[in-house]
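Heads up, upload_20.cif below (mmCIF, C-alpha atoms and all ligand atoms):
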```
data_my_file
#
loop_
_atom_site.label_atom_id
_atom_site.label_comp_id
_atom_site.auth_asym_id
_atom_site.auth_seq_id
_atom_site.Cartn_x
_atom_site.Cartn_y
_atom_site.Cartn_z
CA LEU A 4 141.10 95.06 123.72
CA LYS A 5 139.31 94.96 127.10
CA ILE A 6 135.61 94.25 127.22
CA ALA A 7 133.57 96.46 129.55
CA GLU A 8 132.01 94.69 132.56
CA SER A 9 128.48 95.41 131.35
CA ASP A 10 129.17 93.70 128.00
CA ILE A 11 130.37 90.46 129.53
CA SER A 12 127.05 88.68 129.96
CA PHE A 13 126.03 89.66 126.43
CA LYS A 14 129.34 88.65 124.92
CA ARG A 15 129.76 85.41 126.87
CA LYS A 16 127.81 83.23 124.42
CA PRO A 17 127.95 81.69 121.94
CA VAL A 18 131.54 80.52 121.90
CA ILE A 19 132.87 80.26 118.35
CA ILE A 20 134.94 77.13 117.70
CA ILE A 21 136.95 77.39 114.48
CA VAL A 22 138.10 73.91 113.48
CA VAL A 23 141.33 73.83 111.46
CA GLY A 24 143.84 71.09 110.70
CA MET A 25 145.96 69.55 107.97
CA ALA A 26 144.14 67.83 105.11
CA GLY A 27 143.00 64.41 106.25
CA SER A 28 143.42 65.13 109.98
CA GLY A 29 139.71 64.39 110.40
CA LYS A 30 138.15 67.87 110.66
CA THR A 31 134.87 66.93 109.02
CA THR A 32 134.51 63.66 110.96
CA PHE A 33 135.33 65.54 114.16
CA LEU A 34 132.75 68.24 113.36
CA HIS A 35 130.20 65.53 112.75
CA ARG A 36 131.02 64.01 116.14
CA LEU A 37 130.70 67.43 117.81
CA VAL A 38 127.30 67.94 116.18
CA CYS A 39 126.11 64.51 117.43
CA HIS A 40 127.48 65.25 120.90
CA THR A 41 125.73 68.61 121.13
CA LEU A 42 122.44 67.09 120.00
CA SER A 43 122.59 64.27 122.57
CA SER A 44 123.80 66.52 125.43
CA ASN A 45 121.31 69.35 125.13
CA ILE A 46 124.08 71.73 124.09
CA ARG A 47 122.77 74.35 121.70
CA GLY A 48 125.03 74.30 118.68
CA TYR A 49 124.99 76.14 115.37
CA VAL A 50 127.02 74.96 112.39
CA LEU A 51 128.80 77.05 109.79
CA ASN A 52 130.43 75.44 106.76
CA LEU A 53 133.18 77.50 105.12
CA ASP A 54 134.37 74.81 102.70
CA PRO A 55 132.91 75.69 99.27
CA ALA A 56 134.32 72.56 97.60
CA VAL A 57 132.92 69.89 99.89
CA THR A 58 130.45 67.73 97.98
CA THR A 59 128.61 66.08 100.84
CA LEU A 60 128.62 66.98 104.50
CA PRO A 61 127.71 64.26 107.00
CA PHE A 62 125.88 66.88 109.10
CA GLY A 63 123.47 69.70 108.41
CA ALA A 64 124.98 73.20 108.36
CA ASN A 65 122.86 76.14 109.54
CA ILE A 66 124.89 78.50 107.39
CA ASP A 67 126.68 77.09 104.36
CA ILE A 68 129.05 78.96 102.04
CA ARG A 69 127.76 76.71 99.23
CA ASP A 70 124.34 78.38 99.44
CA THR A 71 125.91 81.72 98.51
CA VAL A 72 128.92 80.90 96.35
CA ARG A 73 129.06 78.33 93.57
CA TYR A 74 132.64 77.12 93.68
CA LYS A 75 132.61 75.43 90.23
CA GLU A 76 131.23 78.56 88.60
CA VAL A 77 133.81 80.73 90.35
CA MET A 78 136.54 78.47 88.92
CA LYS A 79 135.12 78.83 85.40
CA GLU A 80 134.38 82.54 85.60
CA TYR A 81 137.83 83.52 86.90
CA ASN A 82 139.67 80.72 85.08
CA LEU A 83 141.10 79.25 88.28
CA GLY A 84 142.37 75.90 89.50
CA PRO A 85 140.81 74.13 92.50
CA ASN A 86 142.73 75.99 95.24
CA GLY A 87 142.33 79.38 93.55
CA GLY A 88 138.62 78.60 93.20
CA ILE A 89 138.27 77.83 96.92
CA LEU A 90 140.24 80.93 97.88
CA THR A 91 138.21 83.22 95.61
CA SER A 92 134.94 81.70 96.86
CA LEU A 93 136.06 82.39 100.43
CA ASN A 94 136.99 85.97 99.47
CA LEU A 95 133.53 86.50 97.96
CA PHE A 96 131.89 85.10 101.07
CA ALA A 97 134.08 87.22 103.38
CA THR A 98 132.68 90.39 101.80
CA LYS A 99 129.28 89.42 103.22
CA PHE A 100 130.47 88.17 106.56
CA ASP A 101 128.82 90.97 108.53
CA GLU A 102 125.51 89.32 107.57
CA VAL A 103 126.67 86.01 109.07
CA ILE A 104 127.67 87.80 112.29
CA SER A 105 124.24 89.50 112.42
CA VAL A 106 122.43 86.18 112.01
CA ILE A 107 124.43 84.70 114.90
CA GLU A 108 123.99 87.84 117.03
CA ARG A 109 120.23 87.62 116.61
CA ARG A 110 120.31 84.03 117.88
CA ALA A 111 122.98 84.59 120.54
CA ASP A 112 120.59 83.95 123.45
CA GLN A 113 119.67 80.54 122.12
CA LEU A 114 123.16 79.30 121.30
CA ASP A 115 126.05 77.84 123.29
CA TYR A 116 128.51 77.12 120.47
CA VAL A 117 129.02 77.91 116.83
CA LEU A 118 131.01 75.13 115.14
CA VAL A 119 132.95 76.32 112.11
CA ASP A 120 134.29 73.93 109.46
CA THR A 121 137.12 75.31 107.29
CA PRO A 122 138.44 74.28 103.83
CA GLY A 123 140.40 71.02 103.62
CA GLN A 124 143.66 72.79 102.65
CA ILE A 125 144.52 74.53 105.90
CA GLU A 126 146.52 77.41 104.40
CA ILE A 127 143.52 78.59 102.37
CA PHE A 128 141.95 79.64 105.62
CA THR A 129 144.90 80.38 107.88
CA TRP A 130 147.06 82.37 105.43
CA SER A 131 144.45 84.23 103.38
CA ALA A 132 143.11 87.73 103.83
CA SER A 133 139.55 86.36 103.92
CA GLY A 134 140.45 83.81 106.62
CA ALA A 135 141.87 86.68 108.69
CA ILE A 136 138.80 88.86 108.04
CA ILE A 137 136.44 86.06 109.08
CA THR A 138 138.47 85.19 112.19
CA GLU A 139 138.67 88.84 113.25
CA ALA A 140 134.96 89.41 112.62
CA PHE A 141 134.20 86.53 114.98
CA ALA A 142 136.79 87.42 117.59
CA SER A 143 135.66 91.04 117.84
CA THR A 144 132.06 89.94 118.53
CA PHE A 145 132.14 86.62 120.43
CA PRO A 146 134.59 84.53 122.47
CA THR A 147 136.49 82.67 119.76
CA VAL A 148 138.70 79.61 120.09
CA ILE A 149 140.76 77.71 117.53
CA ALA A 150 140.53 73.90 117.62
CA TYR A 151 143.60 72.57 115.80
CA VAL A 152 143.01 68.96 114.79
CA VAL A 153 146.10 66.74 114.69
CA ASP A 154 146.33 63.32 113.02
CA THR A 155 147.82 61.51 116.04
CA PRO A 156 149.01 58.30 114.31
CA ARG A 157 150.82 60.34 111.63
CA SER A 158 152.41 62.57 114.28
CA ALA A 159 154.15 59.66 115.98
CA ASN A 160 157.09 60.56 113.76
CA PRO A 161 158.94 63.33 115.65
CA VAL A 162 159.70 65.39 112.51
CA THR A 163 156.05 65.28 111.39
CA PHE A 164 155.05 66.14 114.94
CA MET A 165 157.38 69.12 114.97
CA SER A 166 156.11 70.41 111.58
CA ASN A 167 152.53 70.11 112.76
CA MET A 168 153.31 71.91 116.03
CA LEU A 169 155.18 74.68 114.20
CA TYR A 170 152.12 75.19 112.03
CA ALA A 171 149.83 75.33 115.07
CA CYS A 172 152.31 77.71 116.70
CA SER A 173 152.18 80.06 113.71
CA ILE A 174 148.36 80.08 113.90
CA LEU A 175 148.46 80.85 117.63
CA TYR A 176 150.77 83.82 117.15
CA LYS A 177 148.97 85.04 114.03
CA THR A 178 145.44 84.96 115.47
CA ARG A 179 146.39 85.51 119.16
CA LEU A 180 143.30 83.47 120.04
CA PRO A 181 143.20 80.60 122.55
CA LEU A 182 144.13 77.36 120.81
CA VAL A 183 143.18 73.81 121.75
CA LEU A 184 145.25 70.99 120.27
CA VAL A 185 142.86 68.18 119.39
CA PHE A 186 144.82 64.93 119.06
CA ASN A 187 142.39 62.97 116.90
CA LYS A 188 142.24 59.25 116.02
CA VAL A 189 143.27 58.06 119.51
CA ASP A 190 141.38 54.86 118.70
CA VAL A 191 144.33 54.10 116.37
CA ALA A 192 147.22 55.58 118.39
CA LYS A 193 147.11 57.04 121.89
CA HIS A 194 148.41 60.60 122.23
CA GLU A 195 150.46 60.05 125.41
CA PHE A 196 153.72 60.22 123.43
CA ALA A 197 152.75 63.73 122.29
CA LEU A 198 151.97 64.84 125.85
CA GLU A 199 155.33 63.49 126.96
CA TRP A 200 157.17 65.33 124.16
CA MET A 201 155.34 68.53 125.05
CA GLU A 202 156.10 68.27 128.75
CA ASP A 203 159.62 66.92 128.59
CA PHE A 204 161.97 68.77 126.30
CA GLU A 205 164.70 66.13 126.74
CA ALA A 206 162.36 63.31 125.71
CA PHE A 207 161.53 65.12 122.47
CA GLN A 208 165.21 65.87 121.84
CA ALA A 209 166.02 62.21 122.27
CA ALA A 210 163.28 61.21 119.82
CA ILE A 211 164.18 63.72 117.15
CA GLU A 212 167.90 63.02 117.29
CA THR A 213 167.17 59.58 115.89
CA ASP A 214 166.12 61.37 112.68
CA SER A 215 169.02 62.49 110.53
CA SER A 216 167.03 64.85 108.30
CA TYR A 217 167.23 67.83 110.68
CA THR A 218 170.49 69.41 111.77
CA SER A 219 170.83 69.31 115.52
CA THR A 220 171.22 73.08 115.93
CA LEU A 221 168.03 73.83 114.01
CA THR A 222 166.23 71.09 115.89
CA ARG A 223 167.34 72.40 119.25
CA SER A 224 166.28 75.98 118.43
CA LEU A 225 162.89 74.95 117.06
CA SER A 226 162.23 72.70 120.04
CA LEU A 227 162.95 75.64 122.34
CA VAL A 228 160.44 77.81 120.47
CA LEU A 229 157.86 75.03 120.76
CA ASP A 230 158.56 74.57 124.47
CA GLU A 231 157.44 78.17 125.03
CA PHE A 232 154.44 77.64 122.72
CA TYR A 233 153.18 74.56 124.63
CA LYS A 234 152.81 76.65 127.79
CA ASN A 235 150.14 78.67 126.01
CA LEU A 236 147.77 75.91 125.03
CA LYS A 237 145.57 73.08 126.08
CA SER A 238 145.52 69.63 124.54
CA VAL A 239 143.01 66.83 124.48
CA GLY A 240 142.93 63.36 122.95
CA VAL A 241 139.79 62.46 120.99
CA SER A 242 138.46 59.96 118.52
CA ALA A 243 136.03 61.43 116.03
CA VAL A 244 135.09 57.87 115.10
CA SER A 245 134.49 56.34 118.57
CA GLY A 246 133.48 59.56 120.35
CA THR A 247 136.16 59.38 123.08
CA GLY A 248 137.22 62.69 124.61
CA MET A 249 134.20 64.90 123.87
CA GLU A 250 133.75 65.99 127.52
CA ALA A 251 137.44 66.84 127.79
CA PHE A 252 137.21 68.79 124.55
CA PHE A 253 134.30 70.94 125.75
CA SER A 254 136.03 71.52 129.12
CA ALA A 255 139.11 72.77 127.24
CA ILE A 256 136.88 75.02 125.11
CA GLU A 257 135.20 76.46 128.22
CA ALA A 258 138.58 77.16 129.83
CA SER A 259 139.74 78.78 126.59
CA ALA A 260 136.62 80.93 126.41
CA GLU A 261 137.38 82.13 129.96
CA GLU A 262 140.90 82.93 128.82
CA TYR A 263 139.47 84.88 125.90
CA MET A 264 137.22 86.88 128.23
CA GLU A 265 140.20 87.79 130.41
CA ASN A 266 142.59 88.74 127.64
CA TYR A 267 140.80 90.11 124.61
P1 LIG A 301 139.71 67.11 104.23
O1 LIG A 301 138.71 68.18 104.60
O2 LIG A 301 139.31 66.29 103.07
O3 LIG A 301 141.10 67.59 104.16
O4 LIG A 301 139.76 66.06 105.42
P2 LIG A 301 139.34 66.22 106.89
O5 LIG A 301 140.45 66.81 107.70
O6 LIG A 301 138.00 66.85 106.99
O7 LIG A 301 139.28 64.70 107.30
P3 LIG A 301 138.06 63.67 107.23
O8 LIG A 301 137.08 63.97 108.29
O9 LIG A 301 137.60 63.55 105.83
O10 LIG A 301 138.84 62.36 107.68
C1 LIG A 301 139.95 61.86 106.97
C2 LIG A 301 140.05 60.36 107.20
O11 LIG A 301 140.35 60.08 108.56
C3 LIG A 301 138.75 59.62 106.89
O12 LIG A 301 139.06 58.39 106.31
C4 LIG A 301 138.14 59.40 108.28
O13 LIG A 301 137.32 58.27 108.35
C5 LIG A 301 139.39 59.21 109.12
N1 LIG A 301 139.17 59.60 110.51
C6 LIG A 301 138.72 60.80 110.97
N2 LIG A 301 138.66 60.79 112.32
C7 LIG A 301 139.06 59.57 112.73
C8 LIG A 301 139.21 58.93 114.02
O14 LIG A 301 138.96 59.50 115.08
N3 LIG A 301 139.67 57.66 114.01
C9 LIG A 301 139.97 56.98 112.86
N4 LIG A 301 140.40 55.73 112.98
N5 LIG A 301 139.84 57.53 111.65
C10 LIG A 301 139.40 58.80 111.57
#
```

As C-alpha cells, the full file:
Amino acid sequence: LKIAESDISFKRKPVIIIVVGMAGSGKTTFLHRLVCHTLSSNIRGYVLNLDPAVTTLPFGANIDIRDTVRYKEVMKEYNLGPNGGILTSLNLFATKFDEVISVIERRADQLDYVLVDTPGQIEIFTWSASGAIITEAFASTFPTVIAYVVDTPRSANPVTFMSNMLYACSILYKTRLPLVLVFNKVDVAKHEFALEWMEDFEAFQAAIETDSSYTSTLTRSLSLVLDEFYKNLKSVGVSAVSGTGMEAFFSAIEASAEEYMENY
C-alpha cells in the first residue's frame, strides 16, 4: 500500500507505538517511563490502555478499555475464565475501534505519539482476531510501530533468548510492521550479549550448543531464520526503572516511522 505524496504530511503524525512483550517483561513499567519521558521532554503523547484486567495503572490513560468494557462482568455473563474474559473484552472493544481512531484523528495535529499498552498475556493480543483488527486499523491510518519488550536478564539463557526472538519474529512477519526490540532491565543485566548473538551467528551457535535440550540440526535451522530476521529490526537497551535508553528508543521509533512511510 503506497501513500500518495499529498497524504504524507497528514499521515506523518502521530506515530502509534504498540507495546507488546511476554508477561513480566516490564511493559507497564516501560509505558510509565515513556509517559514520564514525554511529559518532561515536551513530547506530545496520548495513552491507550487495552488491558481490561489491569487493576491499577501507574499512569493516566487518555483512552481506557476499562471505561467501556467491564472485564469481570464479561467473565460472569459469558461464563469465562480469566483469559477468555480478557479476549472477549478485547473483541467487544474492537467492534468500536473506529471510534478510537476518530478520536485520535481529531487530535492528530496536537500529538506526536500514541502509546498503546496491551494485555499481560502477549498471545491475547498478537494471536487474536481483535488484536489483528486493532493493529490493522492503526496501521491503515497512522505510522505504526511495534515495540517488543524483552526481559534482558531472563534472556541471558540462549534457549530462552531464541524462544523470545522466534516470538518477536512471528509478530514481525504477521503484522509486517517495523519492530523495535526493547531490551529492558539493563540496570540488572546489560544487553551486549544479545547484540553479539544477533550480529555474530557463530557466537550464538557456540552459546546454544552448551544447552543439550535442542537438537543441533533444529538449532542451526532456527538460528539461520533468526539471522535473516535480525536484519529487519532495530534494537535498543533500556531500563524502565532507571530511565536509561529513552533517547535511543525514540530515535529507533523515528527511524521505524520513516521505514513505515517508505514501505506501507
Ligand atoms: P504483566 O502486564 O503483568 O504481564 O507485566 P508487565 O510486562 O507489564 O511487567 P511489569 O511492568 O508489571 O513489570 C514486571 C516486573 O519487572 C515488576 O516487578 C517491575 O518492577 C520489574 N521491572 C520492570 N522494568 C524493570 C527494569 O527496567 N528494571 C528492573 N530492575 N525491574 C524492572

Identify, on the basis of all atoms listed in the file, every residue whose closest approach to segment 173-181 of chain A does not exceed 12 Å; exclude the query and any residue fewer than 4 positions from it along the same chain; express the result as a PyMOL selection string. chain A and resi 4+18-24+125-126+128-131+134-143+145-151+166-169+228-229+231-238+255-267

Return as a count of residues only every polymer residue, whether protein, DNA or RNA, with at least one atom no more than 10 Å from an atom of ligand LIG 301 (chain A); count only C-alpha atoms and all ligand atoms. 46

Exercise on segment 69-87 of chain A, axis-aligned box with 6 Å per side, report centre and edge lengths in Å to one decimal, as JSON:
```
{"center_x": 133.5, "center_y": 78.8, "center_z": 92.3, "size_x": 30.4, "size_y": 21.4, "size_z": 26.4}
```

So how far away is atom CA of Asp70 of chain A from atom CA of Pro55 of chain A, in Å?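 Answer for the atom CA of Pro55 of chain A to atom CA of Asp70 of chain A separation: 9.0 Å.
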
Can you pull out every residue within 9 Å of segment 158-165 of chain A, counting only C-alpha atoms, but drop anything in the same chain fewer than 5 positions away, and send it as a PDB file with C-alpha atoms, keeping the file's coordinate frame?
```
ATOM      1  CA  VAL A 153     146.100  66.740 114.690  1.00  0.00           C
ATOM      2  CA  TYR A 170     152.120  75.190 112.030  1.00  0.00           C
ATOM      3  CA  ALA A 192     147.220  55.580 118.390  1.00  0.00           C
ATOM      4  CA  HIS A 194     148.410  60.600 122.230  1.00  0.00           C
ATOM      5  CA  PHE A 196     153.720  60.220 123.430  1.00  0.00           C
ATOM      6  CA  ALA A 197     152.750  63.730 122.290  1.00  0.00           C
ATOM      7  CA  TRP A 200     157.170  65.330 124.160  1.00  0.00           C
ATOM      8  CA  PHE A 207     161.530  65.120 122.470  1.00  0.00           C
ATOM      9  CA  ALA A 210     163.280  61.210 119.820  1.00  0.00           C
ATOM     10  CA  ILE A 211     164.180  63.720 117.150  1.00  0.00           C
ATOM     11  CA  ASP A 214     166.120  61.370 112.680  1.00  0.00           C
ATOM     12  CA  SER A 216     167.030  64.850 108.300  1.00  0.00           C
ATOM     13  CA  TYR A 217     167.230  67.830 110.680  1.00  0.00           C
ATOM     14  CA  LEU A 225     162.890  74.950 117.060  1.00  0.00           C
ATOM     15  CA  SER A 226     162.230  72.700 120.040  1.00  0.00           C
ATOM     16  CA  LEU A 229     157.860  75.030 120.760  1.00  0.00           C
TER      17      LEU A 229
END
```

So which one's closest to Asp203 of chain A, A:Glu108, A:Asp230, A:Ala97, A:Val72? Using only C-alpha atoms, please.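 The answer is A:Asp230, which sits nearest to Asp203 of chain A.
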
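Note that atom CA of Glu250 of chain A and atom CA of Ile68 of chain A are 29.0 Å apart.
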
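Coordinates place atom CA of Val183 of chain A at a distance of 23.4 Å from atom CA of Glu205 of chain A.
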
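The nearest approach to Asp115 of chain A among the residues A:Gln208, A:Ser224, A:Thr41, A:Ser254, with all atoms listed in the file taken into account, belongs to A:Thr41.
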